[in-house]
Amino acid sequence: MCSTSQCQTQLWATGTALPDGPCQLVSRPDGKFRFAGALAEGELQLMTTPTYQEGVTQFLTPKLVDSYLINYGLSYTLTTDKNSAGWVVPFSEDTYRFIVDTAAKTVRGELFLPWNELLIAGSAFPGGSDKDEWKRDNMLPFVRDHEDPYVFEWTGELGIYDHVVEPGRFKLEGQMTWGPRELHPFVNDEDILEATQLRTGGDDTKWQVKTPGTYRLRVNLFTETIHVELLSASSHPLQQTTSIHTTNDNSAAVDHIYDLQGNVHQHLTRGLNIVRQADGTIRKVLVK
């Protein structure tokens, strides 16, 4: 039989740090709870019911006096005392995030800053891998939303290719190397079309493509969510392309052209370009 803390299926945040009233925390697939949003300077209390019910509501009270919400992981105890101390929010800010781990009985909080880039890595797109390994230098960049610095979008072909390691699988990187910033599904081989939540770091799980085609992936780093659309299923086998082409022509007609920072260009630019052609193939083009 599980303990009271581990049986919790819902949690709420309240207190002077939330002047508009209680806010329900998001339940993650791994049993933890997440908050991402604005907080005012003040005190934040965590409780097991949306409103206080005497003798029923439990509060997640920090063990240490004057425990700040921004921390690397502080322990809490459960109490029914509504006057127990909460968590200190030192200043007002729009980008607070914290995680409640009810199994470990800890709260870990931060102010989240945007990443500089987001890339897709793996075997589910042309050139992403060979039969031995994923190709770090062949990751493809997402494009940052112009209005929200936490949102990135990628559109391209995803499929299941032969002669590659881990066919049809991928994960997301916050830099063109393996870690430290990585995004994963909570369960290994989660169908990308069923994905809604993701996590930062942890076990090296991957998403799986089960339906080849043209996809649009939209990721919100702040809320740790992903929205996936299958724009069109492939009616023909997708071809693997790994070569780098060298050209002096910067006017080739293509569907999309990206630089290594994920910016979209109308024409090839000097340096290394990542090109998605009309037939869905991906290639790298070096313009001298």
# chains A, B, ... in the order shown; residues from 1 in each chain; ligands from 1

$ residues_around --residues "Asp259 (chain A)" --least-positions-apart "2" --cutoff "10 Å" --atoms "only C-alpha atoms" --output "JSON, numbers by chain"
{"A": [140, 141, 257, 261, 262, 263, 264, 265, 268, 269, 270, 271, 272, 273, 274, 275, 284]}

$ write_last_selection --atoms "all heavy atoms" --output "compact mmCIF listing (two decimals), in the first residue's frame"
# COMPACT_ATOMS: atom_id res chain seq x y z
N LEU A 140 19.01 18.78 -37.07
CA LEU A 140 18.30 19.81 -37.81
C LEU A 140 17.69 20.82 -36.84
O LEU A 140 17.09 20.44 -35.84
CB LEU A 140 17.21 19.18 -38.67
CG LEU A 140 17.69 18.19 -39.74
CD1 LEU A 140 16.48 17.63 -40.49
CD2 LEU A 140 18.65 18.85 -40.70
N PRO A 141 17.81 22.11 -37.15
CA PRO A 141 17.36 23.15 -36.22
C PRO A 141 15.86 23.42 -36.29
O PRO A 141 15.25 23.36 -37.34
CB PRO A 141 18.15 24.38 -36.65
CG PRO A 141 18.34 24.17 -38.12
CD PRO A 141 18.52 22.68 -38.31
N ILE A 257 15.16 26.74 -46.42
CA ILE A 257 16.59 26.84 -46.21
C ILE A 257 16.83 27.37 -44.80
O ILE A 257 16.26 28.40 -44.42
CB ILE A 257 17.26 27.78 -47.23
CG1 ILE A 257 17.00 27.29 -48.66
CG2 ILE A 257 18.76 27.88 -46.97
CD1 ILE A 257 17.50 28.24 -49.73
N GLN A 261 21.73 28.30 -37.05
CA GLN A 261 21.02 28.87 -35.90
C GLN A 261 19.51 28.66 -36.00
O GLN A 261 18.76 29.09 -35.11
CB GLN A 261 21.32 30.38 -35.78
CG GLN A 261 22.73 30.69 -35.28
CD GLN A 261 23.78 30.37 -36.31
OE1 GLN A 261 23.63 30.74 -37.48
NE2 GLN A 261 24.84 29.69 -35.90
N GLY A 262 19.06 28.02 -37.08
CA GLY A 262 17.64 27.75 -37.23
C GLY A 262 16.87 28.86 -37.93
O GLY A 262 15.64 28.79 -38.03
N ASN A 263 17.57 29.89 -38.42
CA ASN A 263 16.90 30.97 -39.13
C ASN A 263 16.55 30.54 -40.55
O ASN A 263 17.32 29.82 -41.20
CB ASN A 263 17.80 32.21 -39.17
CG ASN A 263 18.17 32.70 -37.79
OD1 ASN A 263 17.29 32.88 -36.94
ND2 ASN A 263 19.45 32.92 -37.54
N VAL A 264 15.40 30.98 -41.04
CA VAL A 264 14.95 30.64 -42.39
C VAL A 264 15.43 31.70 -43.38
O VAL A 264 15.35 32.90 -43.10
CB VAL A 264 13.41 30.53 -42.44
CG1 VAL A 264 12.95 30.19 -43.84
CG2 VAL A 264 12.92 29.48 -41.46
N HIS A 265 15.93 31.24 -44.53
CA HIS A 265 16.39 32.16 -45.58
C HIS A 265 15.66 31.86 -46.88
O HIS A 265 15.27 30.72 -47.15
CB HIS A 265 17.90 32.03 -45.78
CG HIS A 265 18.71 32.42 -44.58
ND1 HIS A 265 19.05 33.72 -44.29
CD2 HIS A 265 19.21 31.66 -43.56
CE1 HIS A 265 19.75 33.76 -43.16
NE2 HIS A 265 19.86 32.53 -42.70
N LEU A 268 20.12 30.38 -50.62
CA LEU A 268 21.32 29.86 -49.98
C LEU A 268 22.23 31.02 -49.60
O LEU A 268 22.35 32.01 -50.32
CB LEU A 268 22.06 28.92 -50.94
CG LEU A 268 21.32 27.64 -51.36
CD1 LEU A 268 22.14 26.89 -52.41
CD2 LEU A 268 21.04 26.76 -50.16
N THR A 269 22.85 30.90 -48.43
CA THR A 269 23.76 31.93 -47.95
C THR A 269 25.16 31.35 -47.81
O THR A 269 25.34 30.13 -47.77
CB THR A 269 23.28 32.48 -46.60
OG1 THR A 269 23.19 31.40 -45.65
CG2 THR A 269 21.92 33.15 -46.73
N ARG A 270 26.14 32.21 -47.72
CA ARG A 270 27.52 31.75 -47.60
C ARG A 270 27.70 30.93 -46.32
O ARG A 270 27.22 31.29 -45.27
CB ARG A 270 28.47 32.94 -47.58
CG ARG A 270 29.96 32.54 -47.59
CD ARG A 270 30.84 33.78 -47.64
NE ARG A 270 30.60 34.55 -48.84
CZ ARG A 270 31.19 34.31 -50.02
NH1 ARG A 270 32.04 33.30 -50.13
NH2 ARG A 270 30.91 35.05 -51.06
N GLY A 271 28.37 29.80 -46.46
CA GLY A 271 28.55 28.89 -45.34
C GLY A 271 27.71 27.64 -45.50
O GLY A 271 27.29 27.29 -46.62
N LEU A 272 27.44 26.96 -44.40
CA LEU A 272 26.71 25.70 -44.43
C LEU A 272 25.21 25.95 -44.29
O LEU A 272 24.76 26.58 -43.34
CB LEU A 272 27.19 24.78 -43.30
CG LEU A 272 26.66 23.35 -43.33
CD1 LEU A 272 27.07 22.64 -44.62
CD2 LEU A 272 27.16 22.57 -42.12
N ASN A 273 24.44 25.46 -45.27
CA ASN A 273 22.98 25.57 -45.27
C ASN A 273 22.36 24.20 -45.09
O ASN A 273 22.87 23.19 -45.60
CB ASN A 273 22.49 26.15 -46.61
CG ASN A 273 23.01 27.54 -46.88
OD1 ASN A 273 22.33 28.53 -46.66
ND2 ASN A 273 24.24 27.63 -47.39
N ILE A 274 21.24 24.15 -44.36
CA ILE A 274 20.46 22.91 -44.24
C ILE A 274 19.22 23.10 -45.09
O ILE A 274 18.39 23.98 -44.83
CB ILE A 274 20.10 22.64 -42.77
CG1 ILE A 274 21.38 22.42 -41.96
CG2 ILE A 274 19.20 21.40 -42.66
CD1 ILE A 274 21.16 22.32 -40.47
N VAL A 275 19.08 22.26 -46.12
CA VAL A 275 18.07 22.46 -47.17
C VAL A 275 17.06 21.32 -47.16
O VAL A 275 17.44 20.14 -47.15
CB VAL A 275 18.75 22.54 -48.55
CG1 VAL A 275 17.71 22.70 -49.65
CG2 VAL A 275 19.75 23.69 -48.58
N LYS A 284 22.73 18.93 -46.87
CA LYS A 284 23.54 20.07 -46.45
C LYS A 284 24.24 20.65 -47.67
O LYS A 284 24.79 19.92 -48.49
CB LYS A 284 24.59 19.64 -45.42
CG LYS A 284 23.98 19.27 -44.06
CD LYS A 284 25.08 18.96 -43.06
CE LYS A 284 24.50 18.71 -41.70
NZ LYS A 284 25.56 18.44 -40.69

$ closest_atom_pairs --of "region 56-143 of chain A" --to "region 8-16 of chain A" --cutoff "10 Å" --atoms "only C-alpha atoms" --output "CSV"
residue,atom,partner,partner_atom,distance
A:Gln58,CA,A:Leu11,CA,9.8
A:Phe59,CA,A:Leu11,CA,9.6
A:Leu60,CA,A:Leu11,CA,9.6
A:Gly86,CA,A:Gly15,CA,8.2
A:Trp87,CA,A:Gly15,CA,9.4
A:Val89,CA,A:Thr16,CA,9.3
A:Val100,CA,A:Leu11,CA,9.1
A:Thr102,CA,A:Gln8,CA,7.6
A:Ala103,CA,A:Gln8,CA,9.7

$ write_last_selection --atoms "C-alpha atoms" --output "compact mmCIF listing (two decimals), in the first residue's frame"
# COMPACT_ATOMS: atom_id res chain seq x y z
CA GLN A 58 -2.76 18.70 3.92
CA PHE A 59 -0.03 21.28 3.36
CA LEU A 60 3.42 20.53 1.95
CA GLY A 86 5.00 28.14 3.09
CA TRP A 87 7.65 28.74 0.46
CA VAL A 89 8.85 33.89 -3.34
CA VAL A 100 7.01 18.64 -6.60
CA THR A 102 5.85 13.40 -3.85
CA ALA A 103 7.87 10.18 -3.70

$ residues_around --residues "Leu221 (chain A)" --least-positions-apart "2" --cutoff "8 Å" --atoms "only C-alpha atoms" --output "JSON, numbers by chain"
{"A": [114, 150, 151, 219, 223, 224, 225]}

$ atom_distance --atom1 "CA of Phe152 (chain A)" --atom2 "CA of Glu190 (chain A)"
20.3 Å

$ residues_around --residues "Val107 (chain A)" --least-positions-apart "6" --cutoff "8 Å" --atoms "only C-alpha atoms" --output "MDAnalysis selection string"
chainID A and resid 69 73:76 98:101

$ atom_distance --atom1 "CA of Met139 (chain A)" --atom2 "CA of Val285 (chain A)"
14.2 Å

$ closest_residue --among "A:Trp178, A:Tyr161, A:Phe125, A:Phe112" --to "Ile70 (chain A)" --atoms "only C-alpha atoms"
A:Phe112

$ residues_around --residues "Val56 (chain A)" --least-positions-apart "2" --cutoff "12 Å" --atoms "only C-alpha atoms" --output "list in words"
Met47, Thr48, Thr49, Pro50, Thr51, Tyr52, Gln53, Glu54, Gln58, Phe59, Leu78, Thr79, Thr80, Asp81 and Lys82 of chain A

$ residues_around --residues "Met176 (chain A)" --least-positions-apart "3" --cutoff "7 Å" --atoms "only C-alpha atoms" --output "ChimeraX atom specification"
/A:136-137,139,173

$ write_last_selection --atoms "all heavy atoms" --output "short mmCIF file (atom, residue, chain, number, x, y, z; two decimals), in the first residue's frame"
data_model
loop_
_atom_site.label_atom_id
_atom_site.label_comp_id
_atom_site.auth_asym_id
_atom_site.auth_seq_id
_atom_site.Cartn_x
_atom_site.Cartn_y
_atom_site.Cartn_z
N ARG A 136 25.88 13.59 -34.67
CA ARG A 136 25.72 14.82 -33.90
C ARG A 136 25.70 16.06 -34.80
O ARG A 136 24.91 16.98 -34.59
CB ARG A 136 26.87 14.94 -32.89
CG ARG A 136 26.84 16.19 -32.03
CD ARG A 136 28.09 16.27 -31.17
NE ARG A 136 29.27 16.41 -32.01
CZ ARG A 136 30.51 16.43 -31.55
NH1 ARG A 136 30.73 16.27 -30.25
NH2 ARG A 136 31.54 16.57 -32.36
N ASP A 137 26.56 16.09 -35.82
CA ASP A 137 26.67 17.27 -36.67
C ASP A 137 25.55 17.37 -37.69
O ASP A 137 25.48 18.36 -38.43
CB ASP A 137 28.02 17.26 -37.39
CG ASP A 137 29.20 17.39 -36.44
OD1 ASP A 137 28.98 17.92 -35.34
OD2 ASP A 137 30.31 16.95 -36.79
N MET A 139 22.23 17.16 -36.87
CA MET A 139 20.97 17.58 -36.27
C MET A 139 20.34 18.70 -37.10
O MET A 139 21.05 19.49 -37.72
CB MET A 139 21.20 18.09 -34.85
CG MET A 139 21.77 17.08 -33.88
SD MET A 139 21.97 17.86 -32.25
CE MET A 139 22.99 16.64 -31.42
N GLU A 173 17.61 18.23 -28.74
CA GLU A 173 18.80 18.76 -28.07
C GLU A 173 18.74 20.28 -28.02
O GLU A 173 18.22 20.93 -28.93
CB GLU A 173 20.07 18.33 -28.81
CG GLU A 173 20.35 16.85 -28.80
CD GLU A 173 20.88 16.34 -27.46
OE1 GLU A 173 21.28 17.18 -26.63
OE2 GLU A 173 20.90 15.11 -27.26
#

$ select_by_dssp --residues "region 133-214 of chain A" --states "strand (DSSP E)" --output "list in words"
Leu140, Pro141, Val143, Arg144, Val151, Phe152, Glu153, Trp154, Thr155, Gly156, Glu157, Leu158, Arg169, Phe170, Lys171, Leu172, Glu173, Glu182, Leu183, His184, Glu190, Asp191, Arg199, Thr200, Trp207, Gln208, Gly213 and Thr214 of chain A

$ closest_residue --among "A:Gly55, A:Pro19, A:Pro167, A:Gly31" --to "Lys105 (chain A)" --atoms "only C-alpha atoms"
A:Gly31

$ closest_residue --among "A:Arg108, A:Arg216, A:Arg199, A:Arg169" --to "Trp154 (chain A)" --atoms "only C-alpha atoms"
A:Arg216

$ residues_around --residues "Asp30 (chain A)" --least-positions-apart "3" --cutoff "9 Å" --atoms "only C-alpha atoms" --output "list in words"
Ser27, Phe33, Phe186 and Val187 of chain A

$ write_last_selection --atoms "N, CA and C atoms" --output "mmCIF file, in the first residue's frame"
data_model
loop_
_atom_site.group_PDB
_atom_site.id
_atom_site.type_symbol
_atom_site.label_atom_id
_atom_site.label_comp_id
_atom_site.auth_asym_id
_atom_site.auth_seq_id
_atom_site.Cartn_x
_atom_site.Cartn_y
_atom_site.Cartn_z
ATOM 1 N N SER A 27 -0.114 17.447 -13.437
ATOM 2 C CA SER A 27 0.350 16.101 -13.099
ATOM 3 C C SER A 27 1.159 15.534 -14.261
ATOM 4 N N PHE A 33 4.664 16.655 -10.002
ATOM 5 C CA PHE A 33 3.760 17.754 -10.324
ATOM 6 C C PHE A 33 4.578 18.971 -10.740
ATOM 7 N N PHE A 186 8.497 10.801 -21.590
ATOM 8 C CA PHE A 186 8.522 10.140 -20.287
ATOM 9 C C PHE A 186 8.635 8.623 -20.434
ATOM 10 N N VAL A 187 8.147 8.100 -21.554
ATOM 11 C CA VAL A 187 8.178 6.662 -21.808
ATOM 12 C C VAL A 187 8.925 6.415 -23.104
#
